[in-house]
Amino acid sequence: MPLGTPPPAWCARCRLPLTGPDALALWQVTGELRALDARRQWLAQRQHALLAALRVRRDAPAGTKVSAPAGVPVGEGGGATGASVREISAPSARTALLIVGGVLVVVAALVFTVVSWGRLGIGGRAAILLALTACALALPRPLRRRQLTATAEASAAVGLALVLLDAYAARQAGLGGLDRVEPAGYWAVVTTLTAVGAVAYGWWQRLRIPLPVGFLTAQLPGLLATTASGGAVQDYATAMIATAALDFAALYALAAHAANGPAGFRDRLGGAGAATTLVTGARVTGSGWALLGGALAAPHAMVASAPAEVMRAWVPLGLLVLLGTALCRGFRTLPFALRSGAEGVAVVALTVAAGAGLRYVVPPGWAVAGYAVPAALVVVRAAVSRARSGRWAKPAGGPFAVLPGAAAAAGELAAASAVLLLTGVVVLPELVHALARPVVPGITLWLDGHPPMWSWQLATAPLFVLWLTASVLATLAVLRARAVGDGHPDRPANALRNAAALAAVPALLLMPVAVGLPYAWVLAAAAVVTVAVAVDIVRRPGAALVPRLLALAASGALALLWSSADRAAVLAVCGTFAASAAVLAHVLPSPAASPAERATARAAGAFAALALGVEAVASGLTAGLPGHLAAFGVLAVAALAACAAAVWHRIPGRERVSTAVEGAGYVLAASALALTAPHPDALSVALAVSGVAGLAIALRPDRRRAALAGTALLIASSWVRLALADVTFPEAYTLPVTAAALVIGHRRRTSDPETGSWPAYGAGLSATMLPSLGTAFNDGNWVRPLLLGTAALLAVVVGVRARLRAPLIVGSGVLVLVGVHELAPAVVQVLGLVPRWVPLAAAGLLLLLLGATYEKRIGEARRLRDTVRSMG
């Protein structure tokens, strides 16, 4: 922009104003954001430079003076500039080279041992491997003297790997008869010696890598020895737990011995201790849950028929209890999560041990319940303890900030709850099978028409576990609510209360099944419970509404599900539930109703309509009517739902209930149409009835648009009738759509003159002209092209006279395409009266005449384009 030129008032691209206080403020904010981005980039570069310098100081030998990293210029405040920051620091590159080099050396040794071993004698083999191992293990001391600490660590790692290769080679060569030793026992001894030697070697050489290598290698001897002795599951668990205990003992012994040692060695030991702590904690936790999972999946695998086997199974469990308790209560410096997890493992072990003992006093099939009872007792005890000590009272500073024993309490509650949940998962398949048992005969009954023979049974043990779970949830909800107090809503207490309500419903309704009552009694009990809950909600709408709603939904769903096995049961249950839901929908939405009550009223209204629809179709099928005729009963219910919605809409406070009922009626109408779809005669009548109902709904002032749906349904009904009459020409199908669309568009344009011609007439004109045009190209008859051309010409004339763009463009396009198809030759061939050019010339002359008339009015032919654009 030249100097002195004022800035433009508007942006040429986005058309935003560039003047005024808002534009100035936006420019200032944008500048400040750019400055902040530049500052952030500089700080990030500075951070990388400082981290590189600190890494150099960390890895440098003691007593060496370290300067800033070479090639890293220092900017403001000593920060690195953007051009000087390197992606890989020198220590990182060195470490990468050492790791790759060490791995390559080990791989080379492995290849030599496995591939090239047979080319040398026993003396040469032993000499080469021993020489390499001795060199690798001896190099760290001179390397450390020359302050090459990282290289010394790499050499030690290679030497330890070569020790294992030496052991492998000795056995493969049969040195001293080692090839006759059992493999698992041999490697148990080798890994034990290697672990001890690695720890001692690392201690002696003051190296970092041998210590964790020794700890990790020490995890293998116990498992290998168990494999060599052919141990069972509990033997492996015992080995894992004993190894974990030895790890902790050795770790803390070393830590205590090195408390007054050099700072660098204490740091190395601390890192190895942290890694070992995590590995051991994971091992202990995995052992406990593996034992529990094996016990629940196959109770006889953990507990045999002899009491001696029970005592054998108690060995790892007792070790788990001791180790978990010791970790949680004896080592306060461990992380909170690890301590609570250790206590949880102890609880799991106690539960499994108690279940193994109860196996001999409970009846057959109650093994899972033997594990659930101890878990439930521990959950309740831990919850009572937390409630009495105030741990649920949300003390200041966090839930576990100043409370002694918080880790143990949290671990107990979490682990026992998980065990109880796991027992519920084990019995869940039997409960689900019992809950869904009537569905299969119900499907057969309604599809085939003949009720099959079936039985309904449930063992008592799964139901007992379900009852136990529901009772524990209810107890936890009560204890939590009492402990929190203050009259404020507590989300965990509400969640526990809701879960207890959901678990109690199937536990209560399955009791008649477990005691062997007939099907009718079981179904009657479910229906009575549902109605009783509904009555209680009506009488006490504000008292703990959500749990009762969940219970109502669960019991109602089960009653409906179970009633499917008998036709009369479906009629009775659906009728009863529809009446109950209608009462709820009418009573609940009072002026002082809560949002939950209003939502319940809406759901009840929709359910009442749907239940009546099911009642209607079930009545028809029970009376022997086919499905496409029984669908008209559903249509009648849909019409009644629309009438009820119109009545309820006039009652203050029930507008949303009216909407829910109306939506359910639409669902019923769609279902009825789906039932009649395989029978075109019934489908045509159903579409016509639905269309008339839609036009009736459109009489409501707030439902004017229902006329569109009603018209569409009537047109669809006519289409079905035309298809039944073997009518194939498209105009019979499209002309009703065009007529309805043009009438609706004209009314819309009359009521709103701002409506354009495309929304008003575009769809209506295209609905007939485009399908007819496509058919005309494949039709040898002269009638369709002639009528289509006449209609297109009429649309062009109307569009020009009324200055409407849609009729002009659609008609002109269709007329041109018809002309391309040579409308005139088809007419001449049939009539033989006029040449083929006459119709085209007449149409052209008419258009020219109209154009000349408008040319006189407009004045210039070049403004015709703007005139077309100015049309509606």
# chains A, B, ... in the order shown; residues from 1 in each chain; ligands from 1
$ residues_around --residues "stretch 739-743 of chain A" --least-positions-apart "6" --cutoff "12 Å" --atoms "only C-alpha atoms" --output "compact mmCIF listing (two decimals) with N, CA, C and O atoms, in the first residue's frame"
# COMPACT_ATOMS: atom_id res chain seq x y z
N ALA A 707 -49.47 -32.27 8.68
CA ALA A 707 -50.15 -32.40 7.39
C ALA A 707 -49.20 -32.94 6.32
O ALA A 707 -49.61 -33.67 5.42
N LEU A 708 -47.93 -32.58 6.42
CA LEU A 708 -46.96 -33.09 5.46
C LEU A 708 -46.83 -34.62 5.58
O LEU A 708 -46.86 -35.33 4.57
N ALA A 709 -46.70 -35.10 6.82
CA ALA A 709 -46.61 -36.55 7.02
C ALA A 709 -47.88 -37.25 6.59
O ALA A 709 -47.85 -38.32 5.97
N GLY A 710 -49.04 -36.65 6.93
CA GLY A 710 -50.30 -37.26 6.51
C GLY A 710 -50.42 -37.33 5.00
O GLY A 710 -50.86 -38.36 4.44
N THR A 711 -50.05 -36.27 4.33
CA THR A 711 -50.10 -36.28 2.86
C THR A 711 -49.16 -37.32 2.27
O THR A 711 -49.50 -38.03 1.33
N ALA A 712 -47.96 -37.39 2.83
CA ALA A 712 -47.01 -38.39 2.35
C ALA A 712 -47.53 -39.81 2.55
O ALA A 712 -47.36 -40.67 1.67
N LEU A 713 -48.17 -40.07 3.67
CA LEU A 713 -48.71 -41.41 3.90
C LEU A 713 -49.85 -41.72 2.94
O LEU A 713 -49.97 -42.86 2.44
N LEU A 714 -50.71 -40.76 2.66
CA LEU A 714 -51.77 -40.98 1.69
C LEU A 714 -51.21 -41.24 0.29
O LEU A 714 -51.71 -42.10 -0.45
N ILE A 715 -50.18 -40.50 -0.07
CA ILE A 715 -49.56 -40.73 -1.37
C ILE A 715 -48.93 -42.12 -1.42
O ILE A 715 -49.05 -42.84 -2.42
N GLU A 731 -45.72 -41.45 -13.86
CA GLU A 731 -46.55 -40.29 -13.60
C GLU A 731 -47.69 -40.59 -12.64
O GLU A 731 -48.11 -39.72 -11.87
N ALA A 732 -48.13 -41.83 -12.63
CA ALA A 732 -49.19 -42.18 -11.70
C ALA A 732 -48.71 -42.08 -10.25
O ALA A 732 -49.51 -41.82 -9.34
N TYR A 733 -47.42 -42.26 -10.03
CA TYR A 733 -46.86 -42.17 -8.70
C TYR A 733 -46.40 -40.76 -8.34
O TYR A 733 -46.49 -40.35 -7.19
N ARG A 749 -45.92 -19.84 0.21
CA ARG A 749 -45.51 -18.57 -0.41
C ARG A 749 -46.56 -17.50 -0.21
O ARG A 749 -46.24 -16.31 -0.09
N THR A 750 -47.84 -17.90 -0.15
CA THR A 750 -48.89 -16.91 0.08
C THR A 750 -48.82 -16.36 1.50
O THR A 750 -48.99 -15.15 1.72
N SER A 757 -38.82 -19.23 -4.74
CA SER A 757 -39.53 -20.16 -5.62
C SER A 757 -38.97 -21.57 -5.53
O SER A 757 -39.70 -22.55 -5.72
N TRP A 758 -37.66 -21.70 -5.24
CA TRP A 758 -37.10 -23.04 -5.13
C TRP A 758 -37.67 -23.81 -3.95
O TRP A 758 -38.10 -24.96 -4.12
N PRO A 759 -37.70 -23.26 -2.71
CA PRO A 759 -38.36 -24.00 -1.62
C PRO A 759 -39.83 -24.24 -1.86
O PRO A 759 -40.38 -25.24 -1.39
N ALA A 760 -40.50 -23.34 -2.59
CA ALA A 760 -41.94 -23.47 -2.77
C ALA A 760 -42.31 -24.43 -3.88
O ALA A 760 -43.22 -25.26 -3.72
N TYR A 761 -41.64 -24.34 -5.02
CA TYR A 761 -42.08 -25.10 -6.21
C TYR A 761 -41.01 -26.02 -6.79
O TYR A 761 -41.34 -26.85 -7.65
N GLY A 762 -39.77 -25.88 -6.38
CA GLY A 762 -38.71 -26.67 -7.00
C GLY A 762 -38.91 -28.16 -6.83
O GLY A 762 -38.84 -28.93 -7.81
N ALA A 763 -39.15 -28.61 -5.60
CA ALA A 763 -39.31 -30.05 -5.36
C ALA A 763 -40.54 -30.60 -6.05
O ALA A 763 -40.52 -31.70 -6.62
N GLY A 764 -41.65 -29.84 -6.04
CA GLY A 764 -42.88 -30.31 -6.67
C GLY A 764 -42.72 -30.49 -8.17
O GLY A 764 -43.16 -31.51 -8.74
N LEU A 765 -42.11 -29.53 -8.84
CA LEU A 765 -41.92 -29.65 -10.29
C LEU A 765 -40.95 -30.77 -10.64
O LEU A 765 -41.18 -31.52 -11.60
N SER A 766 -39.89 -30.90 -9.86
CA SER A 766 -38.90 -31.93 -10.17
C SER A 766 -39.43 -33.33 -9.90
O SER A 766 -38.98 -34.30 -10.53
N ALA A 767 -40.37 -33.47 -8.96
CA ALA A 767 -40.87 -34.79 -8.59
C ALA A 767 -41.50 -35.52 -9.76
O ALA A 767 -41.44 -36.76 -9.84
N THR A 768 -42.12 -34.79 -10.69
CA THR A 768 -42.75 -35.43 -11.85
C THR A 768 -41.92 -35.29 -13.11
O THR A 768 -41.76 -36.25 -13.87
N ALA A 806 -37.63 -20.88 -10.23
CA ALA A 806 -37.70 -22.34 -10.26
C ALA A 806 -38.49 -22.87 -11.44
O ALA A 806 -38.00 -23.74 -12.17
N PRO A 807 -39.72 -22.39 -11.70
CA PRO A 807 -40.43 -22.90 -12.89
C PRO A 807 -39.69 -22.59 -14.18
O PRO A 807 -39.68 -23.43 -15.10
$ closest_residue --among "A:Ala161, A:Leu629, A:Ala239, A:Ala660" --to "A:Gly214" --atoms "only C-alpha atoms"
A:Ala161
$ select_by_dssp --residues "stretch 648-741 of chain A" --states "helix (DSSP H, G or I)" --output "number ranges by chain"
A: 648-649, 655-676, 680-697, 701-703, 706-724, 731-741
$ residues_around --residues "A:Leu510" --least-positions-apart "6" --cutoff "9 Å" --atoms "only C-alpha atoms" --output "list in words"
Leu431, Ala434, Leu435, Leu458, Leu463 and Val522 of chain A
$ atom_distance --atom1 "atom CA of A:Val685" --atom2 "atom CA of A:His746"
29.1 Å
$ closest_residue --among "A:Ala407, A:Leu130, A:Ala677, A:Ala551" --to "A:Leu338" --atoms "only C-alpha atoms"
A:Ala407
$ atom_distance --atom1 "atom CA of A:Asp536" --atom2 "atom CA of A:Arg548"
8.5 Å
$ closest_residue --among "A:Leu211, A:Arg57, A:Ala387, A:Ala408" --to "A:Ala337" --atoms "only C-alpha atoms"
A:Ala408
$ closest_residue --among "A:Thr30, A:Gln219, A:Ser563, A:Thr444" --to "A:Ala195" --atoms "only C-alpha atoms"
A:Gln219
$ residues_around --residues "A:Ala527" --least-positions-apart "6" --cutoff "9 Å" --atoms "only C-alpha atoms" --output "number ranges by chain"
A: 555-556, 558-560, 573, 576-577
$ write_last_selection --atoms "N, CA, C and O atoms" --output "PDB file, in the first residue's frame"
ATOM      1  N   SER A 555     -38.443 -54.868  38.111  1.00  0.00           N
ATOM      2  CA  SER A 555     -39.513 -55.851  38.318  1.00  0.00           C
ATOM      3  C   SER A 555     -40.483 -55.863  37.143  1.00  0.00           C
ATOM      4  O   SER A 555     -40.936 -56.943  36.709  1.00  0.00           O
ATOM      5  N   GLY A 556     -40.803 -54.683  36.601  1.00  0.00           N
ATOM      6  CA  GLY A 556     -41.697 -54.645  35.447  1.00  0.00           C
ATOM      7  C   GLY A 556     -41.092 -55.313  34.231  1.00  0.00           C
ATOM      8  O   GLY A 556     -41.785 -56.041  33.501  1.00  0.00           O
ATOM      9  N   LEU A 558     -38.847 -57.724  34.211  1.00  0.00           N
ATOM     10  CA  LEU A 558     -38.846 -59.171  34.413  1.00  0.00           C
ATOM     11  C   LEU A 558     -40.243 -59.758  34.257  1.00  0.00           C
ATOM     12  O   LEU A 558     -40.408 -60.841  33.669  1.00  0.00           O
ATOM     13  N   ALA A 559     -41.255 -59.059  34.765  1.00  0.00           N
ATOM     14  CA  ALA A 559     -42.621 -59.575  34.619  1.00  0.00           C
ATOM     15  C   ALA A 559     -43.025 -59.638  33.151  1.00  0.00           C
ATOM     16  O   ALA A 559     -43.635 -60.622  32.700  1.00  0.00           O
ATOM     17  N   LEU A 560     -42.713 -58.616  32.390  1.00  0.00           N
ATOM     18  CA  LEU A 560     -43.035 -58.635  30.962  1.00  0.00           C
ATOM     19  C   LEU A 560     -42.254 -59.724  30.239  1.00  0.00           C
ATOM     20  O   LEU A 560     -42.780 -60.402  29.349  1.00  0.00           O
ATOM     21  N   VAL A 573     -50.741 -59.146  32.167  1.00  0.00           N
ATOM     22  CA  VAL A 573     -49.643 -58.302  32.638  1.00  0.00           C
ATOM     23  C   VAL A 573     -49.635 -56.966  31.896  1.00  0.00           C
ATOM     24  O   VAL A 573     -49.487 -55.897  32.514  1.00  0.00           O
ATOM     25  N   THR A 576     -52.560 -54.771  33.106  1.00  0.00           N
ATOM     26  CA  THR A 576     -52.331 -54.258  34.460  1.00  0.00           C
ATOM     27  C   THR A 576     -51.266 -53.168  34.467  1.00  0.00           C
ATOM     28  O   THR A 576     -51.427 -52.113  35.096  1.00  0.00           O
ATOM     29  N   PHE A 577     -50.190 -53.412  33.758  1.00  0.00           N
ATOM     30  CA  PHE A 577     -49.102 -52.435  33.738  1.00  0.00           C
ATOM     31  C   PHE A 577     -49.504 -51.160  33.003  1.00  0.00           C
ATOM     32  O   PHE A 577     -49.060 -50.063  33.367  1.00  0.00           O
TER      33      PHE A 577
END
$ residues_around --residues "A:Thr192" --least-positions-apart "4" --cutoff "7 Å" --atoms "only C-alpha atoms" --output "ChimeraX atom specification"
/A:188,196,218,221
$ closest_residue --among "A:Ala616, A:Pro140, A:Leu327, A:Ala642" --to "A:Ala249" --atoms "only C-alpha atoms"
A:Leu327
